[in-house]
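Below is input07.cif, holding mmCIF, C-alpha atoms and all ligand atoms.
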data_target
loop_
_atom_site.group_PDB
_atom_site.id
_atom_site.type_symbol
_atom_site.label_atom_id
_atom_site.label_comp_id
_atom_site.auth_asym_id
_atom_site.auth_seq_id
_atom_site.Cartn_x
_atom_site.Cartn_y
_atom_site.Cartn_z
ATOM 1 C CA MET H 1 0.000 0.000 0.000
ATOM 2 C CA THR H 2 1.396 3.402 -0.985
ATOM 3 C CA ILE H 3 0.807 6.183 1.517
ATOM 4 C CA ASP H 4 0.706 9.854 0.569
ATOM 5 C CA LEU H 5 2.331 11.520 3.579
ATOM 6 C CA ARG H 6 0.469 14.796 2.991
ATOM 7 C CA GLY H 7 -3.093 13.399 2.869
ATOM 8 C CA GLY H 8 -5.471 10.483 2.472
ATOM 9 C CA ASP H 9 -7.678 8.200 4.516
ATOM 10 C CA TRP H 10 -4.907 7.450 7.023
ATOM 11 C CA LEU H 11 -4.620 11.115 7.928
ATOM 12 C CA ASP H 12 -8.363 11.834 7.942
ATOM 13 C CA ASP H 13 -9.199 8.779 10.058
ATOM 14 C CA ASN H 14 -6.433 9.410 12.571
ATOM 15 C CA ARG H 15 -7.226 13.114 12.848
ATOM 16 C CA SER H 16 -10.939 12.435 13.476
ATOM 17 C CA ASN H 17 -9.969 9.927 16.150
ATOM 18 C CA TRP H 18 -7.663 12.388 17.903
ATOM 19 C CA ASP H 19 -10.113 15.286 17.598
ATOM 20 C CA GLU H 20 -12.715 13.197 19.421
ATOM 21 C CA ARG H 21 -10.257 12.253 22.162
ATOM 22 C CA VAL H 22 -9.477 15.858 23.107
ATOM 23 C CA PRO H 23 -12.582 16.579 25.251
ATOM 24 C CA VAL H 24 -12.407 13.035 26.658
ATOM 25 C CA HIS H 25 -8.840 13.608 27.781
ATOM 26 C CA LEU H 26 -9.551 17.068 29.147
ATOM 27 C CA ALA H 27 -12.295 15.595 31.343
ATOM 28 C CA SER H 28 -10.079 12.727 32.538
ATOM 29 C CA ASP H 29 -7.926 12.361 35.649
ATOM 30 C CA PHE H 30 -5.155 11.031 33.389
ATOM 31 C CA TYR H 31 -4.496 14.534 32.050
ATOM 32 C CA ASP H 32 -4.465 16.570 35.265
ATOM 33 C CA GLN H 33 -3.824 20.172 34.194
ATOM 34 C CA GLU H 34 -3.768 21.672 37.696
ATOM 35 C CA PRO H 35 0.031 21.551 38.115
ATOM 36 C CA LEU H 36 0.338 23.748 35.010
ATOM 37 C CA ARG H 37 -1.882 26.363 36.660
ATOM 38 C CA ARG H 38 0.473 26.382 39.660
ATOM 39 C CA GLY H 39 3.448 27.075 37.375
ATOM 40 C CA GLN H 40 4.609 23.470 37.619
ATOM 41 C CA GLY H 41 4.763 20.628 35.106
ATOM 42 C CA VAL H 42 3.196 17.289 34.278
ATOM 43 C CA LEU H 43 6.150 15.578 32.603
ATOM 44 C CA ASP H 44 6.410 11.869 33.425
ATOM 45 C CA PRO H 45 9.480 10.924 35.490
ATOM 46 C CA ILE H 46 11.398 9.417 32.532
ATOM 47 C CA ALA H 47 11.065 12.527 30.355
ATOM 48 C CA ARG H 48 11.642 14.863 33.297
ATOM 49 C CA ALA H 49 14.897 13.079 34.151
ATOM 50 C CA GLY H 50 15.906 13.144 30.481
ATOM 51 C CA ILE H 51 15.345 16.889 30.206
ATOM 52 C CA ASP H 52 17.244 17.528 33.444
ATOM 53 C CA ARG H 53 20.124 15.404 32.136
ATOM 54 C CA LEU H 54 20.262 17.272 28.817
ATOM 55 C CA HIS H 55 19.818 20.707 30.362
ATOM 56 C CA PRO H 56 21.248 20.604 33.881
ATOM 57 C CA ASN H 57 21.292 24.404 33.992
ATOM 58 C CA GLY H 58 17.576 24.652 33.195
ATOM 59 C CA LEU H 59 15.603 25.594 30.098
ATOM 60 C CA GLU H 60 15.796 29.382 30.313
ATOM 61 C CA GLY H 61 16.390 30.631 26.755
ATOM 62 C CA ILE H 62 16.181 27.137 25.212
ATOM 63 C CA ARG H 63 14.071 26.909 22.035
ATOM 64 C CA VAL H 64 12.029 23.700 21.903
ATOM 65 C CA LEU H 65 10.006 22.172 19.071
ATOM 66 C CA HIS H 66 7.446 19.735 20.480
ATOM 67 C CA LEU H 67 6.154 17.414 17.735
ATOM 68 C CA GLN H 68 2.709 15.819 18.257
ATOM 69 C CA CYS H 69 2.127 17.965 21.322
ATOM 70 C CA HIS H 70 -1.552 16.992 21.851
ATOM 71 C CA PHE H 71 -3.129 19.854 23.862
ATOM 72 C CA GLY H 72 0.224 21.031 25.043
ATOM 73 C CA SER H 73 0.482 19.616 28.568
ATOM 74 C CA ASP H 74 4.144 18.719 28.117
ATOM 75 C CA SER H 75 4.870 21.794 25.975
ATOM 76 C CA LEU H 76 3.510 24.036 28.721
ATOM 77 C CA SER H 77 5.450 22.081 31.335
ATOM 78 C CA LEU H 78 8.613 22.939 29.380
ATOM 79 C CA ALA H 79 7.464 26.568 29.099
ATOM 80 C CA ASN H 80 6.936 26.645 32.876
ATOM 81 C CA LEU H 81 10.571 25.547 33.173
ATOM 82 C CA GLY H 82 11.610 28.605 31.152
ATOM 83 C CA ALA H 83 11.786 27.276 27.573
ATOM 84 C CA SER H 84 10.355 28.942 24.474
ATOM 85 C CA VAL H 85 8.208 26.269 22.887
ATOM 86 C CA VAL H 86 6.564 25.665 19.535
ATOM 87 C CA GLY H 87 4.074 22.793 19.744
ATOM 88 C CA LEU H 88 2.802 21.127 16.584
ATOM 89 C CA ASP H 89 -0.180 18.807 16.305
ATOM 90 C CA PHE H 90 -2.667 18.038 13.533
ATOM 91 C CA SER H 91 -5.718 18.177 15.793
ATOM 92 C CA ARG H 92 -7.473 21.555 15.719
ATOM 93 C CA PRO H 93 -9.299 21.140 19.074
ATOM 94 C CA ALA H 94 -6.012 20.064 20.668
ATOM 95 C CA VAL H 95 -4.154 23.106 19.349
ATOM 96 C CA GLU H 96 -6.992 25.443 20.319
ATOM 97 C CA GLU H 97 -6.937 24.093 23.869
ATOM 98 C CA ALA H 98 -3.138 24.391 24.036
ATOM 99 C CA ARG H 99 -3.348 28.057 23.003
ATOM 100 C CA ARG H 100 -6.142 28.714 25.499
ATOM 101 C CA MET H 101 -4.186 27.117 28.337
ATOM 102 C CA ALA H 102 -0.995 28.989 27.404
ATOM 103 C CA THR H 103 -2.931 32.238 27.749
ATOM 104 C CA GLU H 104 -4.622 31.138 30.983
ATOM 105 C CA ILE H 105 -1.335 30.317 32.692
ATOM 106 C CA GLY H 106 0.449 33.379 31.297
ATOM 107 C CA VAL H 107 3.120 31.775 29.083
ATOM 108 C CA ALA H 108 1.544 32.544 25.677
ATOM 109 C CA PRO H 109 4.426 34.798 24.576
ATOM 110 C CA ARG H 110 6.792 31.821 24.949
ATOM 111 C CA ALA H 111 4.445 29.019 23.860
ATOM 112 C CA ARG H 112 3.161 28.970 20.294
ATOM 113 C CA PHE H 113 1.030 26.177 18.830
ATOM 114 C CA ILE H 114 0.705 25.178 15.182
ATOM 115 C CA GLU H 115 -1.987 22.981 13.666
ATOM 116 C CA ALA H 116 -0.291 20.740 11.104
ATOM 117 C CA ASN H 117 0.466 17.233 9.996
ATOM 118 C CA VAL H 118 4.060 16.387 10.992
ATOM 119 C CA TYR H 119 4.861 15.830 7.318
ATOM 120 C CA ASP H 120 3.765 19.403 6.509
ATOM 121 C CA ALA H 121 5.977 20.886 9.218
ATOM 122 C CA ARG H 122 8.532 22.404 6.859
ATOM 123 C CA HIS H 123 5.733 24.184 4.960
ATOM 124 C CA VAL H 124 4.189 25.794 8.030
ATOM 125 C CA LEU H 125 7.396 26.386 9.993
ATOM 126 C CA PRO H 126 10.046 26.876 7.333
ATOM 127 C CA GLU H 127 13.085 28.124 9.295
ATOM 128 C CA PRO H 128 15.783 25.388 9.421
ATOM 129 C CA GLU H 129 18.232 25.040 12.319
ATOM 130 C CA SER H 130 15.980 27.016 14.633
ATOM 131 C CA PHE H 131 15.651 24.797 17.730
ATOM 132 C CA ASP H 132 17.991 23.673 20.497
ATOM 133 C CA LEU H 133 15.761 20.745 21.347
ATOM 134 C CA VAL H 134 13.169 18.688 19.468
ATOM 135 C CA PHE H 135 10.980 16.918 22.025
ATOM 136 C CA THR H 136 8.498 14.166 21.172
ATOM 137 C CA THR H 137 7.259 11.515 23.568
ATOM 138 C CA TRP H 138 4.793 8.700 24.270
ATOM 139 C CA GLY H 139 2.531 7.585 21.494
ATOM 140 C CA THR H 140 3.986 9.526 18.583
ATOM 141 C CA ILE H 141 5.734 7.579 15.799
ATOM 142 C CA GLY H 142 3.174 4.757 15.902
ATOM 143 C CA TRP H 143 0.859 7.246 14.164
ATOM 144 C CA LEU H 144 3.408 8.026 11.466
ATOM 145 C CA PRO H 145 3.939 5.958 8.314
ATOM 146 C CA ASP H 146 7.440 7.173 7.447
ATOM 147 C CA VAL H 147 10.120 7.298 10.137
ATOM 148 C CA PRO H 148 13.031 8.218 7.802
ATOM 149 C CA GLU H 149 11.108 11.365 6.795
ATOM 150 C CA TRP H 150 10.275 12.066 10.473
ATOM 151 C CA ALA H 151 13.999 11.886 11.236
ATOM 152 C CA ARG H 152 14.864 14.221 8.344
ATOM 153 C CA ILE H 153 12.320 16.752 9.644
ATOM 154 C CA ILE H 154 13.890 16.620 13.116
ATOM 155 C CA ALA H 155 17.379 17.054 11.652
ATOM 156 C CA TRP H 156 16.159 20.008 9.571
ATOM 157 C CA TYR H 157 15.037 21.904 12.658
ATOM 158 C CA LEU H 158 17.965 21.299 14.974
ATOM 159 C CA LYS H 159 20.572 23.993 15.393
ATOM 160 C CA PRO H 160 24.170 22.770 15.098
ATOM 161 C CA GLY H 161 24.744 20.751 18.259
ATOM 162 C CA GLY H 162 20.993 20.719 19.028
ATOM 163 C CA ARG H 163 19.383 17.550 20.348
ATOM 164 C CA LEU H 164 16.377 15.296 19.940
ATOM 165 C CA TYR H 165 14.732 13.917 23.075
ATOM 166 C CA PHE H 166 12.450 10.998 22.200
ATOM 167 C CA ALA H 167 10.710 8.477 24.467
ATOM 168 C CA ASP H 168 8.039 5.995 23.455
ATOM 169 C CA GLY H 169 6.526 2.576 23.980
ATOM 170 C CA HIS H 170 8.920 -0.230 23.104
ATOM 171 C CA PRO H 171 8.133 -2.048 19.846
ATOM 172 C CA SER H 172 8.858 -5.402 21.467
ATOM 173 C CA ALA H 173 5.997 -4.683 23.882
ATOM 174 C CA TYR H 174 3.720 -3.494 21.078
ATOM 175 C CA VAL H 175 3.693 -6.979 19.534
ATOM 176 C CA PHE H 176 1.525 -8.029 22.504
ATOM 177 C CA ASP H 177 -2.008 -7.017 23.427
ATOM 178 C CA GLY H 178 -4.935 -7.973 25.614
ATOM 179 C CA ALA H 179 -5.114 -10.276 28.638
ATOM 180 C CA ASP H 180 -5.867 -13.746 27.212
ATOM 181 C CA GLY H 181 -2.540 -15.335 28.191
ATOM 182 C CA PRO H 182 -1.815 -17.318 31.371
ATOM 183 C CA GLY H 183 -2.484 -15.224 34.484
ATOM 184 C CA GLY H 184 -3.947 -12.390 32.406
ATOM 185 C CA MET H 185 -0.786 -11.883 30.371
ATOM 186 C CA PRO H 186 -1.066 -10.189 26.984
ATOM 187 C CA THR H 187 -0.693 -12.450 23.972
ATOM 188 C CA PHE H 188 1.291 -12.124 20.755
ATOM 189 C CA GLN H 189 -0.822 -10.122 18.291
ATOM 190 C CA TYR H 190 1.246 -8.068 15.867
ATOM 191 C CA PRO H 191 4.429 -8.724 13.872
ATOM 192 C CA TYR H 192 7.459 -6.774 15.092
ATOM 193 C CA ALA H 193 8.459 -5.702 11.605
ATOM 194 C CA ASN H 194 5.585 -4.749 9.323
ATOM 195 C CA PRO H 195 5.798 -1.859 6.877
ATOM 196 C CA GLN H 196 2.028 -2.028 6.330
ATOM 197 C CA PRO H 197 -0.356 -0.178 8.676
ATOM 198 C CA ASP H 198 -2.478 -1.944 11.254
ATOM 199 C CA ILE H 199 -5.917 -0.582 10.438
ATOM 200 C CA LEU H 200 -7.904 -0.960 13.635
ATOM 201 C CA ASP H 201 -11.487 -0.351 14.765
ATOM 202 C CA ASP H 202 -10.975 0.237 18.467
ATOM 203 C CA PRO H 203 -13.422 2.495 20.324
ATOM 204 C CA SER H 204 -11.397 2.461 23.572
ATOM 205 C CA ASP H 205 -9.161 5.176 24.933
ATOM 206 C CA TYR H 206 -6.233 4.931 27.337
ATOM 207 C CA ALA H 207 -7.309 7.912 29.434
ATOM 208 C CA ASP H 208 -10.947 6.901 30.018
ATOM 209 C CA PRO H 209 -11.894 3.204 30.280
ATOM 210 C CA GLU H 210 -15.619 4.078 30.018
ATOM 211 C CA VAL H 211 -15.572 5.944 26.726
ATOM 212 C CA GLU H 212 -16.666 4.498 23.365
ATOM 213 C CA LEU H 213 -15.178 6.562 20.576
ATOM 214 C CA GLN H 214 -17.309 7.036 17.455
ATOM 215 C CA ASN H 215 -14.323 7.803 15.231
ATOM 216 C CA CYS H 216 -12.604 4.563 16.083
ATOM 217 C CA ARG H 217 -10.852 3.653 12.814
ATOM 218 C CA THR H 218 -7.120 4.255 13.151
ATOM 219 C CA TRP H 219 -4.022 3.582 11.082
ATOM 220 C CA GLU H 220 -0.979 2.668 13.134
ATOM 221 C CA TRP H 221 2.517 1.521 12.273
ATOM 222 C CA MET H 222 5.106 -0.647 14.005
ATOM 223 C CA HIS H 223 8.594 0.811 13.898
ATOM 224 C CA PRO H 224 11.390 -1.581 14.856
ATOM 225 C CA LEU H 225 14.269 -0.155 16.853
ATOM 226 C CA ASP H 226 16.743 -0.487 13.991
ATOM 227 C CA GLU H 227 14.424 1.543 11.760
ATOM 228 C CA VAL H 228 14.218 4.355 14.332
ATOM 229 C CA LEU H 229 17.920 4.465 15.173
ATOM 230 C CA GLY H 230 18.981 3.895 11.557
ATOM 231 C CA SER H 231 16.688 6.683 10.318
ATOM 232 C CA LEU H 232 18.108 9.166 12.833
ATOM 233 C CA ARG H 233 21.655 8.263 11.754
ATOM 234 C CA ALA H 234 20.751 8.420 8.053
ATOM 235 C CA ALA H 235 19.349 11.925 8.670
ATOM 236 C CA GLY H 236 22.788 13.002 9.899
ATOM 237 C CA LEU H 237 22.186 12.795 13.646
ATOM 238 C CA THR H 238 24.394 11.002 16.148
ATOM 239 C CA VAL H 239 22.607 8.697 18.570
ATOM 240 C CA ASP H 240 24.082 9.720 21.947
ATOM 241 C CA GLU H 241 21.830 7.723 24.265
ATOM 242 C CA PHE H 242 19.588 4.692 23.898
ATOM 243 C CA THR H 243 17.964 3.417 27.099
ATOM 244 C CA GLU H 244 15.345 0.734 27.694
ATOM 245 C CA HIS H 245 12.857 1.039 30.555
ATOM 246 C CA TYR H 246 10.454 -1.366 32.232
ATOM 247 C CA GLN H 247 7.836 1.279 32.888
ATOM 248 C CA VAL H 248 5.542 3.339 30.705
ATOM 249 C CA PRO H 249 3.247 6.259 31.655
ATOM 250 C CA TRP H 250 -0.042 4.552 30.821
ATOM 251 C CA GLN H 251 -1.638 1.179 31.516
ATOM 252 C CA ILE H 252 -0.154 -0.528 28.466
ATOM 253 C CA PHE H 253 -1.671 -3.956 29.345
ATOM 254 C CA PRO H 254 -4.444 -4.904 31.788
ATOM 255 C CA ILE H 255 -1.855 -6.811 33.834
ATOM 256 C CA ALA H 256 0.434 -3.770 34.156
ATOM 257 C CA GLU H 257 0.479 -2.362 37.680
ATOM 258 C CA PRO H 258 0.774 1.227 38.897
ATOM 259 C CA GLN H 259 4.272 1.928 40.173
ATOM 260 C CA GLY H 260 3.864 5.514 41.344
ATOM 261 C CA GLU H 261 4.117 8.907 39.639
ATOM 262 C CA GLY H 262 1.716 7.757 36.898
ATOM 263 C CA MET H 263 3.996 4.945 35.731
ATOM 264 C CA PHE H 264 2.957 1.325 35.042
ATOM 265 C CA GLY H 265 5.099 -1.808 34.910
ATOM 266 C CA TRP H 266 5.046 -5.594 34.977
ATOM 267 C CA PRO H 267 3.736 -7.098 38.241
ATOM 268 C CA ALA H 268 6.964 -8.976 39.034
ATOM 269 C CA GLU H 269 9.682 -9.927 36.547
ATOM 270 C CA ARG H 270 11.050 -7.570 33.946
ATOM 271 C CA TRP H 271 9.656 -9.684 31.112
ATOM 272 C CA LEU H 272 10.363 -7.224 28.332
ATOM 273 C CA PRO H 273 11.203 -3.546 28.150
ATOM 274 C CA LEU H 274 8.047 -1.464 27.927
ATOM 275 C CA SER H 275 9.584 1.775 26.727
ATOM 276 C CA TYR H 276 12.754 3.361 25.408
ATOM 277 C CA GLU H 277 14.459 6.700 25.232
ATOM 278 C CA VAL H 278 16.693 8.116 22.523
ATOM 279 C CA VAL H 279 18.839 11.241 22.631
ATOM 280 C CA ALA H 280 20.371 12.199 19.304
ATOM 281 C CA SER H 281 22.364 15.266 18.346
ATOM 282 C CA ALA H 282 22.954 17.330 15.241
ATOM 283 C CA PRO H 283 26.550 17.895 14.185
ATOM 284 C CA GLY H 284 28.040 20.686 16.300
ATOM 285 C CA ARG H 285 29.308 23.999 14.950
ATOM 286 C CA ASN H 286 32.773 22.457 14.594
ATOM 287 C CA GLY H 287 31.478 18.951 13.851
HETATM 288 C C1 LIG H 301 -0.541 9.945 22.228
HETATM 289 S S1 LIG H 301 -0.617 11.624 21.717
HETATM 290 C C2 LIG H 301 0.909 12.257 22.241
HETATM 291 C C3 LIG H 301 0.589 12.612 23.559
HETATM 292 C C4 LIG H 301 1.598 13.332 24.350
HETATM 293 N N1 LIG H 301 2.637 12.439 24.747
HETATM 294 C C5 LIG H 301 0.810 13.805 25.537
HETATM 295 O O1 LIG H 301 0.483 12.963 26.374
HETATM 296 O O2 LIG H 301 0.451 14.971 25.573
HETATM 297 C C6 LIG H 301 -0.400 11.580 19.990
HETATM 298 C C7 LIG H 301 -0.609 12.950 19.351
HETATM 299 O O3 LIG H 301 -0.163 12.841 18.008
HETATM 300 C C8 LIG H 301 -1.003 13.658 17.209
HETATM 301 N N2 LIG H 301 -0.815 13.187 15.844
HETATM 302 C C9 LIG H 301 -1.047 11.947 15.353
HETATM 303 N N3 LIG H 301 -0.688 11.892 14.050
HETATM 304 C C10 LIG H 301 -0.212 13.118 13.720
HETATM 305 C C11 LIG H 301 0.313 13.679 12.522
HETATM 306 N N4 LIG H 301 0.396 12.984 11.386
HETATM 307 N N5 LIG H 301 0.719 14.970 12.543
HETATM 308 C C12 LIG H 301 0.595 15.723 13.675
HETATM 309 N N6 LIG H 301 0.097 15.240 14.831
HETATM 310 C C13 LIG H 301 -0.297 13.950 14.856
HETATM 311 C C14 LIG H 301 -2.387 13.469 17.803
HETATM 312 O O4 LIG H 301 -3.259 14.519 17.497
HETATM 313 C C15 LIG H 301 -2.051 13.394 19.307
HETATM 314 O O5 LIG H 301 -2.184 14.665 19.894
#

Can the structure in the file be given as structure tokens, please?
Ligand SMILES: C[S@@+](CC[C@H](N)C(=O)[O-])C[C@H]1O[C@@H](n2cnc3c(N)ncnc32)[C@H](O)[C@@H]1O
Amino acid sequence: MTIDLRGGDWLDDNRSNWDERVPVHLASDFYDQEPLRRGQGVLDPIARAGIDRLHPNGLEGIRVLHLQCHFGSDSLSLANLGASVVGLDFSRPAVEEARRMATEIGVAPRARFIEANVYDARHVLPEPESFDLVFTTWGTIGWLPDVPEWARIIAWYLKPGGRLYFADGHPSAYVFDGADGPGGMPTFQYPYANPQPDILDDPSDYADPEVELQNCRTWEWMHPLDEVLGSLRAAGLTVDEFTEHYQVPWQIFPIAEPQGEGMFGWPAERWLPLSYEVVASAPGRNG
């Protein structure tokens, strides 16, 4: 199947799905916005530690591009830490809410939000080498058909020496789903390497177990680790850090147990990594 990155059923179906999720998420406990109103943040502990590691002196004056920012909870967390942030997401209600919240909490001059498909980014935000940090986390590339092009877009925006911070669910966990295995374990459902989309009709949502989405047809892609790391390298970036984790900030499987600070993990053994982090950097000014 050939996918047009700039339009088509994949984009329309996924956008309708995400548009419908926005009010559901805003009404949920999962997306608690109160810390933002107190000038604090809602970053999960993995991303927060990653940002502190990359910027031990804080984010004052740091220019951040947040790809697939949803309604800006993490973007505004970074703005509350002092960064100037541009958030990009293809969902109009998400972007409208992000702008509204930026104004409400008083960071609008440093937090701008753009409604666009990731693959249109260079048309709506054309300045290359304009960000110190590209940030994109949790549930992002699974919605994207073309990871090499995603990597080229990231490389385009990074200043010399600028860095990508990426964290997401681990593809070796994404091959499993459900609770039909022994003791409620998930069972093998999806091939690890599959260039074709999984076209799903799933009315559920991770933030609200009660909801039944009407726009439930989604197009999702598996991206093996070597595709992600290889694409970043092919785009000219150096992979500085690759870390596997046994926690993820949502209930990835019914058997996953809360482990504090919004994180979920296996009940006992570390059966498989559930998530991973990548830090990659653009060639430096002298590189
Ligand atoms: C799981 S959310 C990311 C959530 C983010 N980690 C958070 O919790 O705020 C995925 C986001 O990707 C956006 N998205 C999906 N496909 C996209 C595309 N092709 N271009 C831009 N945004 C997209 C959706 O609108 C949604 O806001």

Residues at most 6 Å from ligand LIG 301 (chain H), using all atoms listed in the file? Could they come as JSON, numbers by chain?
{"H": [18, 68, 69, 70, 73, 74, 89, 90, 91, 116, 117, 118, 137, 138, 139, 140, 143, 144]}

Gap from CA of Arg100 in chain H to CA of Gln40 in chain H - Å, one decimal
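These two atoms are separated by 17.0 Å.
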
To verify the selection step, state as a ChimeraX atom specification which residues the PyMOL selection byres (((chain H and resi 57-62) around 12) and not hetatm) yields on this input.
/H:48-56,63-65,77-86,110-111,130-135,158-159,162-163

For a test of reading the model, state the distance in Å between CA of Pro109 in chain H and CA of Leu76 in chain H, rounded to one decimal.
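So the answer is 11.6 Å.
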
Any idea what the distance is between CA of Pro195 in chain H and CA of Pro145 in chain H?
8.2 Å

Per residue of range 11-80 of chain H within 12 Å of range 168-184 of chain H, note the shortest atom pair and the distance in Å to one decimal, counting all atoms listed in the file, and order the rows by chain and increasing residue number, as a tab-separated table.
residue	atom	partner	partner_atom	distance
H:Asp44	CA	H:Asp168	CA	11.7
H:Ile46	CA	H:Asp168	CA	10.3
H:Ala47	CA	H:Asp168	CA	10.0

Nearest to Tyr276 in chain H by atom-to-atom distance, counting only C-alpha atoms, from H:Asp202, H:Asp19, H:Glu241, H:Asp146
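The shortest atom-to-atom distance to Tyr276 in chain H comes from H:Glu241.
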
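Minimum atom-to-atom distances from H:Ile154, H:Cys216, H:Leu43, H:Ala207 to Asn14 in chain H were compared using all atoms listed in the file, and the lowest value belongs to H:Cys216.
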
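Compared by their closest atoms to Asp9 in chain H, and using all atoms listed in the file, the residues H:Leu225, H:Ala280, H:Val239, H:Ile199 rank with H:Ile199 nearest.
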